[in-house]
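Undergrad: Just dropping this structure here.
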Amino acid sequence: MDRLSTFAIMAITVTSAAGCAAGGDAAGETPWIVDRFDDIKVIRYEVPGFSELPLAEKELVYYLAEAAKCGRDILFDQNCEANLPVRRTLETIYERYDGDRTGKEWAAMEKYLKKVWFANGIHHHYSNDKFTPEFSAGYFDSLCEAVGDEAFGAELAAMRPWVREAIFNPAMYPTRLNQKAGDDLLWTSSSNYYRNVRQAEAEAFYDAMVDHSDPAPVSYGLNSQLVKDEKTGRIYERTWKVGGMYSPAIERIVYWLEKAADVAAEPQKSTINALTNYYRTGDLREFDRYNIMWVKDTVSNVDFVNGFIEDYGDPLGRKASWEANVNFMDKEACHRTEVISENAQWFEDNSPVDPAYKKKVVKGVSAKVITVGMLGGDCYPATPIGINLPNADWIRKEYGSKSVTIDNITYAYAQAAHGNGFLEEFMLRDDDRERIDKYGKLADDLHTDIHECLGHGSGQLAPGVKGGELKSYGSTLEETRADLFGLYYLGDEKLVELGIIPTLDVAKAQYAEYIMNGMMTQFSRIELGKDVEESHMRNRKLIAEWCYEHGRERNVIEWVKKNGKSYVVVNDFDALRSLFGEMLREIQRIKSEGDYEAGRELVETYAVKIDHELHAEVLERYGALGIEPYGGFVNPEYELVERDGKVVDVKVSYPADYVKQMMHYSKEYSYLPNRN
Ligand code: ZN
């Protein structure tokens with residue numbers, strides 16, 4: 001569920017930074033946006049509060065941050081088997097070519113490499129489509145020849161024809177993740193989670209492993225590649241562990257985690273030890289044990305994610321990509337979520353959901369606002385702005401989950417978006433714009449807080465319903481449910497009463513922005529003629545379009561044409577809030593009863609198809625603003641300060657060079673062979 005918030009970012013990019021509570025020091029002279037290419041902007045983020053941490057915690061951040069950098073190659077290889085050879089070939093050219101670096105084709109090659117770094121591979125990080133190079137295969141050949149085979153090394157040089165095809169042949173590895181019903185999803189997806197295995201074979205393999213009566217079901221398949229031996233036809237797993245697949249990188253991760261354990265206090269020391277033990281054994285029960293310890297630890301100031309966590313990249317939703325993040329508590333900003341969390345039961349009791357599907361006792365909701373200190377793997381350079389882990393349902397039910405929002409990242413986004421002209425272009429009414437200017441950041445943060453802290457944890461299933469019934473519509477409907485919970489309560493007087501918001505204008509700001517985004521502006525991220533595929537985008541469209549349709553007679557939401565431009569406006573905020581409540585009730589019913597048909601109908605009716613004319617208009621207007629729809633980050637750097645062989649301090653600095661950081665990581669934190 002980690003990823004859900006990645007895509008809340010769209011909302012944030014439209015708000016100004018006015019009134020932002022956190023973020024610390026002023027930006028000074030250094031710009032927030034450090035690189036731009038194609039549809040991407042790269043932003044730097046700062047780590048306010050790091051210098052004030054006690055030495056032991058600074059050291060802990062340092063070691064965990066090193067561990068966070070060591071799995072980068074794993075993600076590249078998971079995303080596609082050709083990724084590491086492609087990246088290394090291009091990096092070698094980039095570093096060694098001493099011919100003309102000013103021409104159009106060189107610039108196109110450089111842009112392509114920047115995109116490969118950003119996406120951790122040759123497929124777009126968001127659309128999953130393979131990149132189309134804007135330089136020719138002939139030019140690529142001439143660069144390789146000029147650099148010479150020796151520079152590449154014999155192995156990489158021998159892989160050249162394959163690398164060339166991977167880059168230039170559109171029919172090879174066309175999409176990283178195919179989710180089209182009816183296709184063999186494994187055969188048609190280019191990710192590297194399965195090798196030579198048909199979908200039906202993989203499903204049968206895991207069906208045979210799963211014990212449906214186990215109250216603590218193991219997440220089978222989470223940390224392995226599934227392979228079919230071409231000769232014998234035997235299907236088996238290659239586990240990602242020390243001594244297994246990806247061992248050279250995992251050994252380095254373990255090395256730094258052990259250093260971290262040395263300076264960590266209990267209970268964190270034992271938690272880290274459980275994680276290293278899991279990395280050594282590959283035992284998924286050990287991973288569960290680690291997760292339980294991790295989720296129970298709400299006292300450690302420094303915290304981290306490190307492992308095979310999210311399964312969004314696997315069409316079967318079983319294999320997890322490697323990711324990491326290091327963070328510490330933002331104590332002042334935590335107050336807001338503490339208040340929400342303390343009142344969790346009130347929110348559950350007063351929700352518009354059918355009483356049968358409410359939790360009698362809501363437990364395990366821990367809420368934090370954090371400052372992130374390092375991003376790695378699938379959190380880098382593009383990162384979620386919230387975390388809700390662990391993912392195993394039974395652990396969440398038994399022990400709860402940790403929900404955090406990452407304030408220094410959202411702050412950096414807001415800074416980077418300030419004054420980009422977006423609101424002026426798409427938002428019709430002055431009062432909406434003024435409210436967003438004033439409360440936009442708070443409204444976004446609060447919506448994310450409620451979504452994460454209360455939304456996902458709310459509700460219960462009917463007896464006999466297992467939770468997987470909604471299948472491929474499950475994640476869209478789950479995000480819809482959590483978003484609606486947030487939207488509904490954002491407009492509740494209770495928040496004013498609790499002192500979290502000064503006025504319900506905060507809700508109005510969010511409502512106007514959410515509807516505009518769901519029905520219109522988010523399409524700026526989709527190629528003309530394509531459907532909405534990503535589940536968070538589907539969820540937003542579903543909510544906005546459903547409310548439009550169901551409030552149509554009362555004109556709750558209205559399309560307005562002015563000077564040939566389309567605008568969507570909210571006319572009646574109270575009625576809209578009622579619609580959110582009504583819809584939440586229905587979505588919760590669908591989840592609780594596992595009503596696949598009703599869920600499918602809703603998603604297919606409201607969330608998938610985009611009006612072609614509107615889509616073209618949005619793209620044109622958005623394009624004219626010159627804003628990149630996707631953002632990612634360069635990491636800060638940490639340096640140990642030693643005296644007489646002892647660590648006396650850790651210094652943080654903020655590099656502002658994307659290319660330099662990527663080349664540095666590829667040199668210093670690259671442990672895997674070309675083929676794994
Ligand atoms: Zn969510």
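Chain lettering (A, B, ...) mirrors the order of the structure tokens, residue numbering begins at 1 for each chain separately, and ligand numbering begins at 1 in order of display.
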List all protein, DNA and RNA residues that have at least one atom no more than 12 Å from any atom of ligand 1, counting only C-alpha atoms and all ligand atoms, and write them as number ranges by chain.
TA: A: 1-8, 384-389, 391, 403-405, 447-458, 474-486, 535-537, 539-540
Undergrad: I'd like the neighbourhood of Arg429 (chain A) as a VMD selection string, where a residue qualifies if any of its atoms comes within 10 Å (using only C-alpha atoms), though same-chain residues fewer than 6 positions away should be ignored.
TA: chain A and resid 423 512 567 to 570
Undergrad: With region 50-68 of chain A as the partner and 9 Å as the cut-off, tabulate the residues of region 293-366 of chain A that qualify, each row holding the nearest pair of atoms and their distance in Å to one decimal, using only C-alpha atoms, sorted by chain and rising number, as CSV.
TA:
residue,atom,partner,partner_atom,distance
A:Asn301,CA,A:Glu57,CA,8.0
A:Val302,CA,A:Glu57,CA,6.7
A:Asp303,CA,A:Val61,CA,8.5
A:Phe304,CA,A:Leu64,CA,7.4
A:Val305,CA,A:Ala68,CA,8.5
A:Asn306,CA,A:Ala68,CA,6.7
A:Glu323,CA,A:Ala68,CA,7.6
A:Ala324,CA,A:Ala68,CA,5.1
A:Asn325,CA,A:Ala68,CA,6.4
A:Val326,CA,A:Ala65,CA,6.2
A:Asn327,CA,A:Val61,CA,7.6
A:Phe328,CA,A:Val61,CA,8.5
Undergrad: Could you pull out the residues in region 320-480 of chain A that DSSP calls strand (DSSP E) from the backbone, as a ChimeraX atom specification?
TA: /A:321-329,365-377,386-389,401-406
Undergrad: Output N, CA, C and O atoms of each residue in that selection to a file, as a compact mmCIF listing (two decimals), in the first residue's frame.
TA:
# COMPACT_ATOMS: atom_id res chain seq x y z
N SER A 321 9.31 -5.74 -5.51
CA SER A 321 10.51 -5.00 -5.93
C SER A 321 11.29 -4.57 -4.69
O SER A 321 10.72 -4.38 -3.61
N TRP A 322 12.58 -4.38 -4.88
CA TRP A 322 13.42 -3.97 -3.75
C TRP A 322 13.33 -2.46 -3.57
O TRP A 322 13.40 -1.69 -4.53
N GLU A 323 13.16 -2.04 -2.35
CA GLU A 323 13.12 -0.60 -2.07
C GLU A 323 13.69 -0.30 -0.69
O GLU A 323 13.83 -1.19 0.15
N ALA A 324 14.03 0.95 -0.48
CA ALA A 324 14.56 1.36 0.81
C ALA A 324 14.28 2.83 1.06
O ALA A 324 14.11 3.62 0.12
N ASN A 325 14.23 3.15 2.33
CA ASN A 325 14.05 4.53 2.74
C ASN A 325 14.48 4.63 4.19
O ASN A 325 14.35 3.69 4.94
N VAL A 326 15.11 5.74 4.53
CA VAL A 326 15.57 5.98 5.89
C VAL A 326 14.93 7.28 6.35
O VAL A 326 14.88 8.24 5.58
N ASN A 327 14.45 7.31 7.56
CA ASN A 327 13.73 8.51 7.99
C ASN A 327 13.80 8.68 9.49
O ASN A 327 14.21 7.79 10.21
N PHE A 328 13.39 9.85 9.95
CA PHE A 328 13.22 10.06 11.39
C PHE A 328 12.02 10.96 11.62
O PHE A 328 11.53 11.60 10.70
N MET A 329 11.56 10.96 12.84
CA MET A 329 10.31 11.64 13.15
C MET A 329 10.39 13.15 13.06
O MET A 329 11.37 13.75 13.50
N VAL A 365 -3.52 1.76 14.73
CA VAL A 365 -3.25 2.87 13.82
C VAL A 365 -2.18 3.75 14.45
O VAL A 365 -2.43 4.43 15.44
N SER A 366 -1.00 3.69 13.91
CA SER A 366 0.03 4.60 14.40
C SER A 366 0.29 5.63 13.31
O SER A 366 0.29 5.31 12.13
N ALA A 367 0.45 6.86 13.72
CA ALA A 367 0.52 7.93 12.73
C ALA A 367 1.74 8.79 12.98
O ALA A 367 1.99 9.25 14.08
N LYS A 368 2.51 8.96 11.94
CA LYS A 368 3.71 9.78 12.10
C LYS A 368 3.91 10.66 10.87
O LYS A 368 3.52 10.30 9.78
N VAL A 369 4.52 11.78 11.09
CA VAL A 369 5.03 12.56 9.97
C VAL A 369 6.54 12.44 10.05
O VAL A 369 7.13 12.58 11.12
N ILE A 370 7.15 12.11 8.95
CA ILE A 370 8.58 11.86 8.99
C ILE A 370 9.35 12.77 8.04
O ILE A 370 8.80 13.35 7.12
N THR A 371 10.62 12.84 8.34
CA THR A 371 11.57 13.50 7.47
C THR A 371 12.42 12.41 6.86
O THR A 371 13.01 11.61 7.59
N VAL A 372 12.44 12.34 5.55
CA VAL A 372 13.19 11.26 4.94
C VAL A 372 14.63 11.71 4.74
O VAL A 372 14.91 12.89 4.46
N GLY A 373 15.56 10.77 4.97
CA GLY A 373 16.97 11.10 4.86
C GLY A 373 17.66 10.42 3.69
O GLY A 373 18.73 10.82 3.26
N MET A 374 17.05 9.36 3.17
CA MET A 374 17.64 8.64 2.04
C MET A 374 16.56 7.83 1.34
O MET A 374 15.71 7.24 2.00
N LEU A 375 16.62 7.84 0.01
CA LEU A 375 15.69 7.05 -0.80
C LEU A 375 16.51 6.04 -1.59
O LEU A 375 17.58 6.37 -2.10
N GLY A 376 15.98 4.81 -1.74
CA GLY A 376 16.72 3.81 -2.49
C GLY A 376 15.80 2.85 -3.22
O GLY A 376 14.62 2.72 -2.89
N GLY A 377 16.33 2.17 -4.21
CA GLY A 377 15.58 1.16 -4.96
C GLY A 377 14.33 1.76 -5.57
O GLY A 377 14.37 2.80 -6.23
N GLY A 386 4.00 8.89 1.14
CA GLY A 386 3.47 8.29 2.35
C GLY A 386 3.81 6.81 2.36
O GLY A 386 4.11 6.23 1.33
N ILE A 387 3.81 6.24 3.55
CA ILE A 387 4.12 4.81 3.68
C ILE A 387 3.05 4.20 4.56
O ILE A 387 2.66 4.77 5.56
N ASN A 388 2.57 3.03 4.16
CA ASN A 388 1.65 2.28 5.00
C ASN A 388 2.04 0.81 4.90
O ASN A 388 1.73 0.14 3.94
N LEU A 389 2.75 0.34 5.92
CA LEU A 389 3.29 -1.02 5.90
C LEU A 389 3.12 -1.64 7.27
O LEU A 389 2.89 -0.93 8.23
N SER A 401 -0.62 -1.41 11.51
CA SER A 401 0.35 -1.01 10.50
C SER A 401 0.90 0.36 10.86
O SER A 401 0.36 1.05 11.70
N LYS A 402 2.00 0.69 10.23
CA LYS A 402 2.57 2.02 10.44
C LYS A 402 2.22 2.89 9.25
O LYS A 402 2.46 2.50 8.10
N SER A 403 1.69 4.04 9.55
CA SER A 403 1.35 4.99 8.50
C SER A 403 2.16 6.25 8.68
O SER A 403 2.17 6.83 9.76
N VAL A 404 2.84 6.66 7.66
CA VAL A 404 3.59 7.90 7.77
C VAL A 404 3.42 8.75 6.52
O VAL A 404 3.19 8.23 5.44
N THR A 405 3.52 10.02 6.71
CA THR A 405 3.61 10.92 5.56
C THR A 405 4.97 11.60 5.62
O THR A 405 5.52 11.83 6.69
N ILE A 406 5.48 11.87 4.44
CA ILE A 406 6.86 12.35 4.36
C ILE A 406 6.85 13.85 4.06
O ILE A 406 6.63 14.26 2.94
Undergrad: Separation of CA of Tyr246 (chain A) and CA of Val163 (chain A), in Å?
TA: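 Spanning CA of Tyr246 (chain A) to CA of Val163 (chain A) is a straight-line distance of 20.8 Å.
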Undergrad: Applying 12 Å and only C-alpha atoms, which residues near His124 (chain A) remain after dropping the ones on its own chain fewer than 5 positions away? List them as a list in words.
TA: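 Non-adjacent residues within range: Asp38, Asp39, Ile40, Asn79, Cys80, Tyr112, Lys114, Lys115, Val116, Trp117, Phe118, Ala119, Asp129, Lys130, Phe131, Thr132, Pro174, Thr175, Arg176, Leu177, Ala382, Arg525, Ile526 and Tyr630 of chain A.
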Undergrad: Name the residues of region 57-272 of chain A that come out as helix (DSSP H, G or I) in a backbone DSSP run; write them as JSON, numbers by chain.
TA: {"A": [57, 58, 59, 60, 61, 62, 63, 64, 65, 66, 67, 68, 69, 72, 73, 74, 75, 76, 77, 78, 79, 83, 84, 85, 86, 87, 88, 89, 90, 91, 92, 93, 94, 95, 96, 104, 105, 106, 107, 108, 109, 110, 111, 112, 113, 114, 115, 116, 117, 118, 119, 137, 138, 139, 140, 141, 142, 143, 144, 145, 146, 147, 149, 150, 151, 152, 154, 155, 156, 157, 158, 160, 161, 162, 163, 164, 165, 166, 167, 168, 199, 200, 201, 202, 203, 204, 205, 206, 207, 208, 209, 247, 248, 249, 250, 251, 252, 253, 254, 255, 256, 257, 258, 259, 260, 261, 262, 263, 268, 269, 270, 271, 272]}
Undergrad: Which residues of region 357-411 of chain A come within 12 Å of region 584-605 of chain A, and for each one, what is the closest pair of atoms and their distance in Å to one decimal, counting only C-alpha atoms, sorted by chain and residue number, as CSV?
TA:
residue,atom,partner,partner_atom,distance
A:Tyr357,CA,A:Ser592,CA,6.4
A:Lys358,CA,A:Gln588,CA,9.0
A:Lys359,CA,A:Ser592,CA,11.2
Undergrad: Between A:Lys397, A:Arg195, A:His212, A:Arg72, which residue has the minimum interatomic distance to Cys379 (chain A), considering only C-alpha atoms?
TA: A:Arg72
Undergrad: Check the smallest atom-to-atom distance from each of A:Arg160, A:Arg252, A:Arg336, A:Lys609 to Asp445 (chain A) using only C-alpha atoms, then report the winner.
TA: A:Arg336
Undergrad: Just want the 10 Å neighbourhood of Ala146 (chain A), counted on only C-alpha atoms, with same-chain residues fewer than 5 positions away dropped. Output as a list of chain:residue names.
TA: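 What passes the distance filter is A:Ile93, A:Arg96, A:Tyr97, A:Asp98, A:Gly99, A:Phe140, A:Asp141.
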Undergrad: Using the selection just defined, write its residues with C-alpha atoms as an mmCIF file, in the first residue's frame.
TA:
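Result went into selection_24.cif, see below:
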data_model
loop_
_atom_site.group_PDB
_atom_site.id
_atom_site.type_symbol
_atom_site.label_atom_id
_atom_site.label_comp_id
_atom_site.auth_asym_id
_atom_site.auth_seq_id
_atom_site.Cartn_x
_atom_site.Cartn_y
_atom_site.Cartn_z
ATOM 1 C CA ILE A 93 29.841 5.659 -23.628
ATOM 2 C CA ARG A 96 34.559 7.478 -22.268
ATOM 3 C CA TYR A 97 33.421 9.022 -25.539
ATOM 4 C CA ASP A 98 35.776 11.883 -26.412
ATOM 5 C CA GLY A 99 34.190 12.937 -29.703
ATOM 6 C CA PHE A 140 24.797 4.201 -31.205
ATOM 7 C CA ASP A 141 27.074 1.912 -33.239
#
Undergrad: I'd like the contact shell of Tyr255 (chain A) - 12 Å cut-off, only C-alpha atoms, skipping same-chain residues fewer than 6 positions apart - returned as a list of chain:residue names.
TA: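 What passes the distance filter is A:Tyr63, A:Leu64, A:Glu66, A:Ala67, A:Ala68, A:Cys70, A:Val242, A:Ser247, A:Pro248, A:Ala249, A:Ala261, A:Asp262, A:Ile272, A:Asn273, A:Leu275, A:Thr276, A:Asn277, A:Tyr279, A:Arg280.
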Undergrad: Neighbouring residues of Gly282 (chain A) were defined as those with any atom within 7 Å, considering only C-alpha atoms; residues of the same chain fewer than 3 positions away were excluded. Please report them as a list in words.
TA: Thr239, Trp240, Lys241, Tyr278 and Tyr279 of chain A
Undergrad: Quick one: everything within 12 Å of Asn350 (chain A), counting only C-alpha atoms, minus sequence neighbours fewer than 3 positions away in the same chain. Send it as a VMD selection string.
TA: chain A and resid 343 to 347 353 to 355 358 to 360 458 to 459 485 488 to 489 492 494 581 585
Undergrad: Closest to Asp311 (chain A) among A:Leu222, A:Leu186, A:Ile292, A:Leu257, using only C-alpha atoms?
TA: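 Ranking A:Leu222, A:Leu186, A:Ile292, A:Leu257 by distance to Asp311 (chain A), first place goes to A:Leu222.
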Undergrad: Could you please determine the separation between CA of Val361 (chain A) and CA of Leu495 (chain A) in Å, to one decimal place?
TA: 21.0 Å
